[in-house]
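Right, one structure below, let's go through it.
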Protein chains: 6
Amino acid sequence: QTGQSATGAAVAETWLPTLQVDTPQQGFDLAIVMARRAVRTTQPDVAMLKAQRSRYAEDAASLIDVSAVAAAWFATIAAANDYWRE
Amino acid sequence: QTGQSATGAAVAETWLPTLQVDTPQQGFDLAIVMARRAVRTTQPDVAMLKAQRSRYAEDAASLIDVSAVAAAWFATIAAANDYWRE
Amino acid sequence: QTGQSATGAAVAETWLPTLQVDTPQQGFDLAIVMARRAVRTTQPDVAMLKAQRSRYAEDAASLIDVSAVAAAWFATIAAANDYWRE
Amino acid sequence: QTGQSATGAAVAETWLPTLQVDTPQQGFDLAIVMARRAVRTTQPDVAMLKAQRSRYAEDAASLIDVSAVAAAWFATIAAANDYWRE
Amino acid sequence: QTGQSATGAAVAETWLPTLQVDTPQQGFDLAIVMARRAVRTTQPDVAMLKAQRSRYAEDAASLIDVSAVAAAWFATIAAANDYWRE
Amino acid sequence: QTGQSATGAAVAETWLPTLQVDTPQQGFDLAIVMARRAVRTTQPDVAMLKAQRSRYAEDAASLIDVSAVAAAWFATIAAANDYWRE
């Protein structure tokens, strides 16, 4: 949530309250969220990001790199959840 | 499985119920599944993905990168299975 | 803080006193700080860095790489915080 | 081994029964096997792979990448063998 | 220290006596030292290295890669120091 | 050592008997050995490798990649030695 405090100061958005999620698939989804959020630290313009995404979606090398990045984020999330062992 | 709920709302597909598999080879296969699934978050058009795959299958650098990505996913899956130690 | 000691010698700035932070999101922010700090070991000119950032912010491959780098720093920070498990 | 079952159906080859090997050097060799096997998921034509290998064997950047990939596979295999500690 | 032994034979320099350092920031600095030392295994000519550094310091992709490399060395150093947990 | 067995069959060289070494610096040196050995799985011609090395030694991007690869091998070796903790 983003918002204004009573004093009018911008309140930082809380977008990552925890790394713990219920299932591996939710962990996978969180990895994608974190991967994209990291991109936004450099390119905050979401409209421009989406335009780029449609371009590199047709570039094989970029798509392979996307998977590498997702794997890196997922590795940490999976460890944080003790790999959802039962 | 994907489907429609009784109310007609789209039901999210469960494609990753667990990271635990019986053998290292099944873990390897799951790594490939996860690697490709990550690509689909950016390029959901499977027909286009297959067309690209036949192109980069002839590019050595892309093939080396494919192996790097598979290794990254496999590392997490192997840890999740305690390396299938007996 | 940077400064001058009583004798006039430059005092090294302490910018990384700890890897322990309270929340995953603070860990994410620290990862970005460390990623940028590492860049400054090679390019200390912050004005030039910002100029480059606006250029590669329009290059998809660079943005994907930015996310990979953030993931690498975050992995260590998350481990240092025991993944903020409760 | 690959083969035909009594009913004529193709039997999946078992090529990775275990990650446990006796020595670090066997672990290294297994890393190379896994790295190449991952490539074959995208380019199953072994003759074409060998042709490409002779080309990128003369490209420095590709050779460095080959070593990175081998390191990634080896890391998991070494962990699976508790680093062959005595 | 490098030097000559009493018999005139070259004595190997000891530049990495330990991975244990007192603070995360010293660990970060050691990561940079190790990253550069690794480069010198391939390009021992320090003058040439510094000339290249001033060139790639203006190339965004190289700078991002520098940060990835620093993160990789730092990950090991941080683990070696148990993340400087108190 | 390589050699001929009593029956004349080639005996495989043992080049990696252990990952355990006495010091971090020896671990670093072993990382370089393993990195180069992995390259030789693809390009066994050592003379050609040395020729390439003198070329990419003048290419900044390749040198950064060399350091990344060394870091990856070193990470495993350091873990295998429990980080040479005292």
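Residues in the structure tokens are numbered from 1 in each chain, the chains being A, B, ... in the order shown, and ligands are numbered from 1 in the order shown.
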
Any idea what's packed within 6 Å of region 53-65 of chain E, counting only C-alpha atoms, ignoring anything in its chain fewer than 5 positions away? Could you give it as a ChimeraX atom specification?
-> /C:39,42-43

Put those residues in a file: N, CA and C atoms, as a PDB file, in the first residue's frame.
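Output file part-v3.pdb is given in full below:
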ATOM      1  N   VAL C  39      29.617  -1.086  -8.513  1.00  0.00           N
ATOM      2  CA  VAL C  39      29.875  -0.387  -9.771  1.00  0.00           C
ATOM      3  C   VAL C  39      30.824   0.790  -9.528  1.00  0.00           C
ATOM      4  N   THR C  42      34.608   0.727  -9.842  1.00  0.00           N
ATOM      5  CA  THR C  42      35.213   0.850 -11.173  1.00  0.00           C
ATOM      6  C   THR C  42      34.956   2.220 -11.782  1.00  0.00           C
ATOM      7  N   GLN C  43      33.770   2.744 -11.551  1.00  0.00           N
ATOM      8  CA  GLN C  43      33.421   4.074 -12.089  1.00  0.00           C
ATOM      9  C   GLN C  43      32.987   4.951 -10.911  1.00  0.00           C
TER      10      GLN C  43
END

Fit chain B to chain C, using all C-alpha atoms paired in sequence order for the least-squares superposition, and then show me the result as an mmCIF file with N, CA, C and O atoms, in the first residue's frame.
data_model
loop_
_atom_site.group_PDB
_atom_site.id
_atom_site.type_symbol
_atom_site.label_atom_id
_atom_site.label_comp_id
_atom_site.auth_asym_id
_atom_site.auth_seq_id
_atom_site.Cartn_x
_atom_site.Cartn_y
_atom_site.Cartn_z
ATOM 1 N N GLN B 1 29.310 8.075 6.921
ATOM 2 C CA GLN B 1 29.883 9.404 7.119
ATOM 3 C C GLN B 1 31.342 9.446 6.660
ATOM 4 O O GLN B 1 32.085 8.508 6.858
ATOM 5 N N THR B 2 31.706 10.524 5.975
ATOM 6 C CA THR B 2 33.095 10.764 5.600
ATOM 7 C C THR B 2 33.548 11.970 6.413
ATOM 8 O O THR B 2 32.730 12.746 6.899
ATOM 9 N N GLY B 3 34.822 12.132 6.478
ATOM 10 C CA GLY B 3 35.222 13.305 7.242
ATOM 11 C C GLY B 3 36.727 13.417 7.363
ATOM 12 O O GLY B 3 37.466 12.670 6.742
ATOM 13 N N GLN B 4 37.119 14.308 8.131
ATOM 14 C CA GLN B 4 38.531 14.547 8.405
ATOM 15 C C GLN B 4 38.780 14.180 9.857
ATOM 16 O O GLN B 4 38.002 14.562 10.736
ATOM 17 N N SER B 5 39.826 13.454 10.109
ATOM 18 C CA SER B 5 40.160 13.183 11.505
ATOM 19 C C SER B 5 40.832 14.418 12.091
ATOM 20 O O SER B 5 41.140 15.373 11.372
ATOM 21 N N ALA B 6 41.038 14.376 13.383
ATOM 22 C CA ALA B 6 41.678 15.513 14.070
ATOM 23 C C ALA B 6 43.042 15.826 13.455
ATOM 24 O O ALA B 6 43.478 16.973 13.416
ATOM 25 N N THR B 7 43.688 14.800 12.907
ATOM 26 C CA THR B 7 45.013 15.021 12.332
ATOM 27 C C THR B 7 44.944 15.432 10.867
ATOM 28 O O THR B 7 45.957 15.604 10.211
ATOM 29 N N GLY B 8 43.703 15.528 10.319
ATOM 30 C CA GLY B 8 43.578 15.963 8.933
ATOM 31 C C GLY B 8 43.596 14.824 7.927
ATOM 32 O O GLY B 8 43.372 15.038 6.738
ATOM 33 N N ALA B 9 43.840 13.607 8.378
ATOM 34 C CA ALA B 9 43.843 12.482 7.434
ATOM 35 C C ALA B 9 42.413 12.137 7.041
ATOM 36 O O ALA B 9 41.483 12.295 7.831
ATOM 37 N N ALA B 10 42.248 11.713 5.800
ATOM 38 C CA ALA B 10 40.919 11.312 5.345
ATOM 39 C C ALA B 10 40.468 10.090 6.133
ATOM 40 O O ALA B 10 41.244 9.163 6.358
ATOM 41 N N VAL B 11 39.225 10.100 6.571
ATOM 42 C CA VAL B 11 38.671 8.977 7.306
ATOM 43 C C VAL B 11 37.766 8.197 6.349
ATOM 44 O O VAL B 11 36.932 8.785 5.679
ATOM 45 N N ALA B 12 37.991 6.900 6.269
ATOM 46 C CA ALA B 12 37.201 6.104 5.343
ATOM 47 C C ALA B 12 35.737 6.127 5.756
ATOM 48 O O ALA B 12 35.401 6.021 6.936
ATOM 49 N N GLU B 13 34.891 6.277 4.763
ATOM 50 C CA GLU B 13 33.461 6.279 4.988
ATOM 51 C C GLU B 13 32.986 4.886 5.409
ATOM 52 O O GLU B 13 33.397 3.887 4.833
ATOM 53 N N THR B 14 32.122 4.838 6.405
ATOM 54 C CA THR B 14 31.481 3.571 6.758
ATOM 55 C C THR B 14 30.105 3.552 6.127
ATOM 56 O O THR B 14 29.211 4.288 6.545
ATOM 57 N N TRP B 15 29.963 2.741 5.098
ATOM 58 C CA TRP B 15 28.675 2.707 4.400
ATOM 59 C C TRP B 15 27.985 1.355 4.582
ATOM 60 O O TRP B 15 26.813 1.215 4.227
ATOM 61 N N LEU B 16 28.701 0.372 5.130
ATOM 62 C CA LEU B 16 28.117 -0.972 5.264
ATOM 63 C C LEU B 16 28.424 -1.519 6.654
ATOM 64 O O LEU B 16 29.227 -2.433 6.817
ATOM 65 N N PRO B 17 27.786 -0.989 7.671
ATOM 66 C CA PRO B 17 28.125 -1.438 9.029
ATOM 67 C C PRO B 17 27.629 -2.851 9.326
ATOM 68 O O PRO B 17 28.186 -3.536 10.171
ATOM 69 N N THR B 18 26.581 -3.283 8.632
ATOM 70 C CA THR B 18 25.983 -4.578 8.946
ATOM 71 C C THR B 18 25.203 -5.090 7.743
ATOM 72 O O THR B 18 24.783 -4.309 6.883
ATOM 73 N N LEU B 19 25.022 -6.419 7.678
ATOM 74 C CA LEU B 19 24.134 -7.006 6.666
ATOM 75 C C LEU B 19 22.749 -7.278 7.248
ATOM 76 O O LEU B 19 21.849 -7.694 6.538
ATOM 77 N N GLN B 20 22.607 -7.055 8.562
ATOM 78 C CA GLN B 20 21.338 -7.385 9.209
ATOM 79 C C GLN B 20 20.364 -6.214 9.094
ATOM 80 O O GLN B 20 20.671 -5.097 9.541
ATOM 81 N N VAL B 21 19.214 -6.482 8.503
ATOM 82 C CA VAL B 21 18.170 -5.461 8.387
ATOM 83 C C VAL B 21 16.858 -6.092 8.842
ATOM 84 O O VAL B 21 16.744 -7.310 8.952
ATOM 85 N N ASP B 22 15.862 -5.259 9.068
ATOM 86 C CA ASP B 22 14.656 -5.742 9.744
ATOM 87 C C ASP B 22 13.703 -6.539 8.856
ATOM 88 O O ASP B 22 13.016 -7.436 9.324
ATOM 89 N N THR B 23 13.643 -6.188 7.590
ATOM 90 C CA THR B 23 12.616 -6.797 6.733
ATOM 91 C C THR B 23 13.217 -7.204 5.385
ATOM 92 O O THR B 23 14.245 -6.678 4.966
ATOM 93 N N PRO B 24 12.555 -8.143 4.691
ATOM 94 C CA PRO B 24 13.014 -8.525 3.351
ATOM 95 C C PRO B 24 13.110 -7.317 2.411
ATOM 96 O O PRO B 24 14.026 -7.229 1.600
ATOM 97 N N GLN B 25 12.169 -6.401 2.568
ATOM 98 C CA GLN B 25 12.188 -5.250 1.666
ATOM 99 C C GLN B 25 13.401 -4.360 1.925
ATOM 100 O O GLN B 25 14.009 -3.842 0.980
ATOM 101 N N GLN B 26 13.772 -4.201 3.209
ATOM 102 C CA GLN B 26 15.008 -3.457 3.491
ATOM 103 C C GLN B 26 16.219 -4.224 2.943
ATOM 104 O O GLN B 26 17.201 -3.621 2.500
ATOM 105 N N GLY B 27 16.141 -5.541 2.962
ATOM 106 C CA GLY B 27 17.213 -6.350 2.379
ATOM 107 C C GLY B 27 17.313 -6.143 0.878
ATOM 108 O O GLY B 27 18.408 -6.051 0.317
ATOM 109 N N PHE B 28 16.165 -6.043 0.258
ATOM 110 C CA PHE B 28 16.124 -5.756 -1.185
ATOM 111 C C PHE B 28 16.761 -4.395 -1.467
ATOM 112 O O PHE B 28 17.592 -4.257 -2.372
ATOM 113 N N ASP B 29 16.393 -3.412 -0.666
ATOM 114 C CA ASP B 29 16.962 -2.078 -0.875
ATOM 115 C C ASP B 29 18.480 -2.086 -0.659
ATOM 116 O O ASP B 29 19.219 -1.433 -1.395
ATOM 117 N N LEU B 30 18.922 -2.833 0.353
ATOM 118 C CA LEU B 30 20.367 -2.916 0.594
ATOM 119 C C LEU B 30 21.078 -3.602 -0.578
ATOM 120 O O LEU B 30 22.198 -3.226 -0.948
ATOM 121 N N ALA B 31 20.420 -4.588 -1.174
ATOM 122 C CA ALA B 31 21.012 -5.257 -2.347
ATOM 123 C C ALA B 31 21.264 -4.252 -3.467
ATOM 124 O O ALA B 31 22.311 -4.281 -4.122
ATOM 125 N N ILE B 32 20.309 -3.363 -3.675
ATOM 126 C CA ILE B 32 20.481 -2.347 -4.726
ATOM 127 C C ILE B 32 21.635 -1.413 -4.365
ATOM 128 O O ILE B 32 22.462 -1.052 -5.215
ATOM 129 N N VAL B 33 21.707 -1.031 -3.087
ATOM 130 C CA VAL B 33 22.813 -0.163 -2.646
ATOM 131 C C VAL B 33 24.154 -0.845 -2.897
ATOM 132 O O VAL B 33 25.096 -0.228 -3.432
ATOM 133 N N MET B 34 24.263 -2.127 -2.536
ATOM 134 C CA MET B 34 25.534 -2.833 -2.703
ATOM 135 C C MET B 34 25.865 -3.004 -4.189
ATOM 136 O O MET B 34 27.029 -2.873 -4.600
ATOM 137 N N ALA B 35 24.848 -3.292 -4.983
ATOM 138 C CA ALA B 35 25.074 -3.459 -6.424
ATOM 139 C C ALA B 35 25.655 -2.179 -7.027
ATOM 140 O O ALA B 35 26.594 -2.218 -7.829
ATOM 141 N N ARG B 36 25.088 -1.041 -6.614
ATOM 142 C CA ARG B 36 25.564 0.238 -7.174
ATOM 143 C C ARG B 36 26.941 0.616 -6.614
ATOM 144 O O ARG B 36 27.773 1.163 -7.323
ATOM 145 N N ARG B 37 27.139 0.284 -5.343
ATOM 146 C CA ARG B 37 28.444 0.582 -4.734
ATOM 147 C C ARG B 37 29.558 -0.189 -5.455
ATOM 148 O O ARG B 37 30.665 0.312 -5.629
ATOM 149 N N ALA B 38 29.248 -1.430 -5.836
ATOM 150 C CA ALA B 38 30.250 -2.224 -6.553
ATOM 151 C C ALA B 38 30.596 -1.581 -7.890
ATOM 152 O O ALA B 38 31.755 -1.567 -8.310
ATOM 153 N N VAL B 39 29.602 -1.036 -8.544
ATOM 154 C CA VAL B 39 29.856 -0.342 -9.808
ATOM 155 C C VAL B 39 30.791 0.845 -9.577
ATOM 156 O O VAL B 39 31.698 1.103 -10.377
ATOM 157 N N ARG B 40 30.583 1.511 -8.463
ATOM 158 C CA ARG B 40 31.399 2.698 -8.185
ATOM 159 C C ARG B 40 32.859 2.367 -7.920
ATOM 160 O O ARG B 40 33.715 3.254 -7.991
ATOM 161 N N THR B 41 33.176 1.120 -7.619
ATOM 162 C CA THR B 41 34.597 0.775 -7.472
ATOM 163 C C THR B 41 35.317 0.915 -8.809
ATOM 164 O O THR B 41 36.531 1.091 -8.849
ATOM 165 N N THR B 42 34.575 0.808 -9.889
ATOM 166 C CA THR B 42 35.177 0.926 -11.218
ATOM 167 C C THR B 42 34.911 2.290 -11.835
ATOM 168 O O THR B 42 35.761 2.854 -12.515
ATOM 169 N N GLN B 43 33.708 2.813 -11.597
ATOM 170 C CA GLN B 43 33.358 4.125 -12.140
ATOM 171 C C GLN B 43 32.914 5.012 -10.978
ATOM 172 O O GLN B 43 31.743 5.048 -10.616
ATOM 173 N N PRO B 44 33.847 5.723 -10.369
ATOM 174 C CA PRO B 44 33.495 6.512 -9.175
ATOM 175 C C PRO B 44 32.728 7.789 -9.496
ATOM 176 O O PRO B 44 32.193 8.422 -8.578
ATOM 177 N N ASP B 45 32.644 8.137 -10.767
ATOM 178 C CA ASP B 45 32.000 9.412 -11.128
ATOM 179 C C ASP B 45 30.480 9.216 -11.150
ATOM 180 O O ASP B 45 29.912 8.690 -12.110
ATOM 181 N N VAL B 46 29.820 9.666 -10.073
ATOM 182 C CA VAL B 46 28.389 9.399 -9.919
ATOM 183 C C VAL B 46 27.572 10.072 -11.017
ATOM 184 O O VAL B 46 26.583 9.513 -11.505
ATOM 185 N N ALA B 47 27.994 11.246 -11.457
ATOM 186 C CA ALA B 47 27.248 11.928 -12.518
ATOM 187 C C ALA B 47 27.276 11.097 -13.799
ATOM 188 O O ALA B 47 26.253 10.937 -14.485
ATOM 189 N N MET B 48 28.453 10.535 -14.112
ATOM 190 C CA MET B 48 28.554 9.693 -15.303
ATOM 191 C C MET B 48 27.704 8.425 -15.145
ATOM 192 O O MET B 48 27.051 7.981 -16.083
ATOM 193 N N LEU B 49 27.699 7.868 -13.924
ATOM 194 C CA LEU B 49 26.879 6.679 -13.682
ATOM 195 C C LEU B 49 25.402 6.961 -13.941
ATOM 196 O O LEU B 49 24.714 6.165 -14.565
ATOM 197 N N LYS B 50 24.943 8.103 -13.462
ATOM 198 C CA LYS B 50 23.525 8.421 -13.651
ATOM 199 C C LYS B 50 23.208 8.629 -15.126
ATOM 200 O O LYS B 50 22.138 8.253 -15.601
ATOM 201 N N ALA B 51 24.149 9.216 -15.857
ATOM 202 C CA ALA B 51 23.937 9.393 -17.293
ATOM 203 C C ALA B 51 23.828 8.026 -17.986
ATOM 204 O O ALA B 51 22.951 7.810 -18.832
ATOM 205 N N GLN B 52 24.727 7.105 -17.601
ATOM 206 C CA GLN B 52 24.653 5.772 -18.200
ATOM 207 C C GLN B 52 23.350 5.081 -17.834
ATOM 208 O O GLN B 52 22.747 4.384 -18.640
ATOM 209 N N ARG B 53 22.944 5.275 -16.557
ATOM 210 C CA ARG B 53 21.731 4.575 -16.115
ATOM 211 C C ARG B 53 20.537 4.959 -16.978
ATOM 212 O O ARG B 53 19.722 4.107 -17.323
ATOM 213 N N SER B 54 20.460 6.234 -17.357
ATOM 214 C CA SER B 54 19.319 6.629 -18.176
ATOM 215 C C SER B 54 19.408 6.006 -19.573
ATOM 216 O O SER B 54 18.390 5.765 -20.212
ATOM 217 N N ARG B 55 20.626 5.721 -20.019
ATOM 218 C CA ARG B 55 20.750 5.043 -21.322
ATOM 219 C C ARG B 55 20.379 3.569 -21.216
ATOM 220 O O ARG B 55 19.531 3.091 -21.941
ATOM 221 N N TYR B 56 21.008 2.830 -20.270
ATOM 222 C CA TYR B 56 20.721 1.395 -20.273
ATOM 223 C C TYR B 56 19.335 1.088 -19.738
ATOM 224 O O TYR B 56 18.844 -0.034 -19.899
ATOM 225 N N ALA B 57 18.699 2.103 -19.159
ATOM 226 C CA ALA B 57 17.317 1.897 -18.729
ATOM 227 C C ALA B 57 16.399 1.660 -19.922
ATOM 228 O O ALA B 57 15.264 1.242 -19.766
ATOM 229 N N GLU B 58 16.909 1.923 -21.109
ATOM 230 C CA GLU B 58 16.094 1.685 -22.300
ATOM 231 C C GLU B 58 16.567 0.451 -23.058
ATOM 232 O O GLU B 58 16.103 0.172 -24.155
ATOM 233 N N ASP B 59 17.492 -0.288 -22.469
ATOM 234 C CA ASP B 59 18.024 -1.480 -23.122
ATOM 235 C C ASP B 59 17.592 -2.725 -22.350
ATOM 236 O O ASP B 59 17.975 -2.913 -21.189
ATOM 237 N N ALA B 60 16.793 -3.544 -22.989
ATOM 238 C CA ALA B 60 16.192 -4.684 -22.286
ATOM 239 C C ALA B 60 17.245 -5.620 -21.710
ATOM 240 O O ALA B 60 17.143 -6.049 -20.551
ATOM 241 N N ALA B 61 18.273 -5.943 -22.477
ATOM 242 C CA ALA B 61 19.278 -6.889 -21.985
ATOM 243 C C ALA B 61 19.948 -6.358 -20.724
ATOM 244 O O ALA B 61 20.173 -7.100 -19.760
ATOM 245 N N SER B 62 20.256 -5.060 -20.707
ATOM 246 C CA SER B 62 20.876 -4.476 -19.520
ATOM 247 C C SER B 62 19.936 -4.548 -18.318
ATOM 248 O O SER B 62 20.368 -4.832 -17.200
ATOM 249 N N LEU B 63 18.668 -4.323 -18.554
ATOM 250 C CA LEU B 63 17.719 -4.352 -17.441
ATOM 251 C C LEU B 63 17.606 -5.764 -16.864
ATOM 252 O O LEU B 63 17.497 -5.944 -15.648
ATOM 253 N N ILE B 64 17.628 -6.769 -17.715
ATOM 254 C CA ILE B 64 17.592 -8.151 -17.219
ATOM 255 C C ILE B 64 18.849 -8.418 -16.400
ATOM 256 O O ILE B 64 18.797 -9.024 -15.325
ATOM 257 N N ASP B 65 19.970 -7.934 -16.879
ATOM 258 C CA ASP B 65 21.226 -8.121 -16.141
ATOM 259 C C ASP B 65 21.184 -7.411 -14.789
ATOM 260 O O ASP B 65 21.720 -7.915 -13.793
ATOM 261 N N VAL B 66 20.578 -6.244 -14.753
ATOM 262 C CA VAL B 66 20.438 -5.529 -13.475
ATOM 263 C C VAL B 66 19.704 -6.405 -12.460
ATOM 264 O O VAL B 66 20.090 -6.488 -11.288
ATOM 265 N N SER B 67 18.678 -7.075 -12.927
ATOM 266 C CA SER B 67 17.905 -7.918 -12.012
ATOM 267 C C SER B 67 18.739 -9.109 -11.537
ATOM 268 O O SER B 67 18.666 -9.504 -10.369
ATOM 269 N N ALA B 68 19.556 -9.660 -12.423
ATOM 270 C CA ALA B 68 20.427 -10.775 -12.038
ATOM 271 C C ALA B 68 21.408 -10.337 -10.950
ATOM 272 O O ALA B 68 21.663 -11.068 -9.982
ATOM 273 N N VAL B 69 21.952 -9.158 -11.120
ATOM 274 C CA VAL B 69 22.908 -8.645 -10.144
ATOM 275 C C VAL B 69 22.224 -8.397 -8.801
ATOM 276 O O VAL B 69 22.742 -8.768 -7.740
ATOM 277 N N ALA B 70 21.058 -7.799 -8.837
ATOM 278 C CA ALA B 70 20.317 -7.566 -7.589
ATOM 279 C C ALA B 70 20.021 -8.886 -6.892
ATOM 280 O O ALA B 70 20.133 -8.999 -5.663
ATOM 281 N N ALA B 71 19.662 -9.902 -7.658
ATOM 282 C CA ALA B 71 19.371 -11.224 -7.075
ATOM 283 C C ALA B 71 20.603 -11.793 -6.380
ATOM 284 O O ALA B 71 20.496 -12.415 -5.317
ATOM 285 N N ALA B 72 21.758 -11.588 -6.981
ATOM 286 C CA ALA B 72 22.996 -12.123 -6.398
ATOM 287 C C ALA B 72 23.310 -11.454 -5.067
ATOM 288 O O ALA B 72 23.648 -12.123 -4.082
ATOM 289 N N TRP B 73 23.205 -10.148 -5.009
ATOM 290 C CA TRP B 73 23.448 -9.452 -3.741
ATOM 291 C C TRP B 73 22.381 -9.814 -2.716
ATOM 292 O O TRP B 73 22.675 -10.041 -1.535
ATOM 293 N N PHE B 74 21.138 -9.892 -3.155
ATOM 294 C CA PHE B 74 20.040 -10.202 -2.230
ATOM 295 C C PHE B 74 20.209 -11.593 -1.618
ATOM 296 O O PHE B 74 19.882 -11.797 -0.440
ATOM 297 N N ALA B 75 20.713 -12.539 -2.385
ATOM 298 C CA ALA B 75 20.877 -13.911 -1.872
ATOM 299 C C ALA B 75 21.739 -13.908 -0.613
ATOM 300 O O ALA B 75 21.422 -14.582 0.380
ATOM 301 N N THR B 76 22.817 -13.165 -0.648
ATOM 302 C CA THR B 76 23.716 -13.114 0.500
ATOM 303 C C THR B 76 23.066 -12.385 1.675
ATOM 304 O O THR B 76 23.157 -12.826 2.830
ATOM 305 N N ILE B 77 22.414 -11.283 1.377
ATOM 306 C CA ILE B 77 21.761 -10.517 2.442
ATOM 307 C C ILE B 77 20.653 -11.343 3.088
ATOM 308 O O ILE B 77 20.493 -11.347 4.315
ATOM 309 N N ALA B 78 19.903 -12.060 2.297
ATOM 310 C CA ALA B 78 18.813 -12.892 2.842
ATOM 311 C C ALA B 78 19.384 -13.985 3.743
ATOM 312 O O ALA B 78 18.857 -14.241 4.828
ATOM 313 N N ALA B 79 20.474 -14.617 3.319
ATOM 314 C CA ALA B 79 21.094 -15.642 4.163
ATOM 315 C C ALA B 79 21.586 -15.017 5.466
ATOM 316 O O ALA B 79 21.458 -15.608 6.539
ATOM 317 N N ALA B 80 22.141 -13.819 5.364
ATOM 318 C CA ALA B 80 22.665 -13.142 6.552
ATOM 319 C C ALA B 80 21.562 -12.838 7.564
ATOM 320 O O ALA B 80 21.836 -12.645 8.755
ATOM 321 N N ASN B 81 20.344 -12.767 7.095
ATOM 322 C CA ASN B 81 19.215 -12.469 7.967
ATOM 323 C C ASN B 81 18.360 -13.701 8.241
ATOM 324 O O ASN B 81 17.222 -13.576 8.703
ATOM 325 N N ASP B 82 18.936 -14.866 7.968
ATOM 326 C CA ASP B 82 18.202 -16.127 8.112
ATOM 327 C C ASP B 82 16.826 -16.015 7.456
ATOM 328 O O ASP B 82 15.845 -16.545 7.949
ATOM 329 N N TYR B 83 16.789 -15.310 6.353
ATOM 330 C CA TYR B 83 15.591 -15.192 5.519
ATOM 331 C C TYR B 83 14.410 -14.569 6.262
ATOM 332 O O TYR B 83 13.275 -14.787 5.908
ATOM 333 N N TRP B 84 14.723 -13.816 7.323
ATOM 334 C CA TRP B 84 13.654 -13.138 8.072
ATOM 335 C C TRP B 84 12.567 -14.125 8.493
ATOM 336 O O TRP B 84 11.390 -13.800 8.514
ATOM 337 N N ARG B 85 13.004 -15.342 8.819
ATOM 338 C CA ARG B 85 12.031 -16.333 9.326
ATOM 339 C C ARG B 85 11.530 -15.880 10.676
ATOM 340 O O ARG B 85 12.267 -15.315 11.477
ATOM 341 N N GLU B 86 10.275 -16.173 10.943
ATOM 342 C CA GLU B 86 9.715 -15.710 12.219
ATOM 343 C C GLU B 86 9.819 -16.768 13.310
ATOM 344 O O GLU B 86 9.861 -17.939 13.043
#

Could you please write out, as JSON, numbers by chain, every residue of chain D that DSSP assigns to alpha helix (DSSP H)?
-> {"D": [24, 25, 26, 27, 28, 29, 30, 31, 32, 33, 34, 35, 36, 37, 38, 39, 40, 46, 47, 48, 49, 50, 51, 52, 53, 54, 55, 56, 60, 61, 62, 63, 64, 65, 66, 67, 68, 69, 70, 71, 72, 73, 74, 75, 76, 77, 78, 79, 80]}

Picked from chain A by DSSP as strand (DSSP E), as JSON, numbers by chain | {"A": [3, 4, 10, 11]}

Selection from above, N, CA, C and O atoms, as a compact mmCIF listing (two decimals), in the first residue's frame, can you write it?
# COMPACT_ATOMS: atom_id res chain seq x y z
N GLY A 3 0.66 5.63 0.16
CA GLY A 3 -0.33 6.58 0.68
C GLY A 3 0.35 7.82 1.20
O GLY A 3 1.53 8.05 1.01
N GLN A 4 -0.45 8.60 1.81
CA GLN A 4 0.01 9.85 2.40
C GLN A 4 -0.13 9.72 3.91
O GLN A 4 -1.16 9.26 4.40
N ALA A 10 5.14 11.38 1.86
CA ALA A 10 4.93 10.12 1.16
C ALA A 10 5.31 8.97 2.08
O ALA A 10 6.33 9.03 2.77
N VAL A 11 4.48 7.95 2.09
CA VAL A 11 4.77 6.77 2.88
C VAL A 11 5.26 5.68 1.94
O VAL A 11 4.65 5.42 0.92
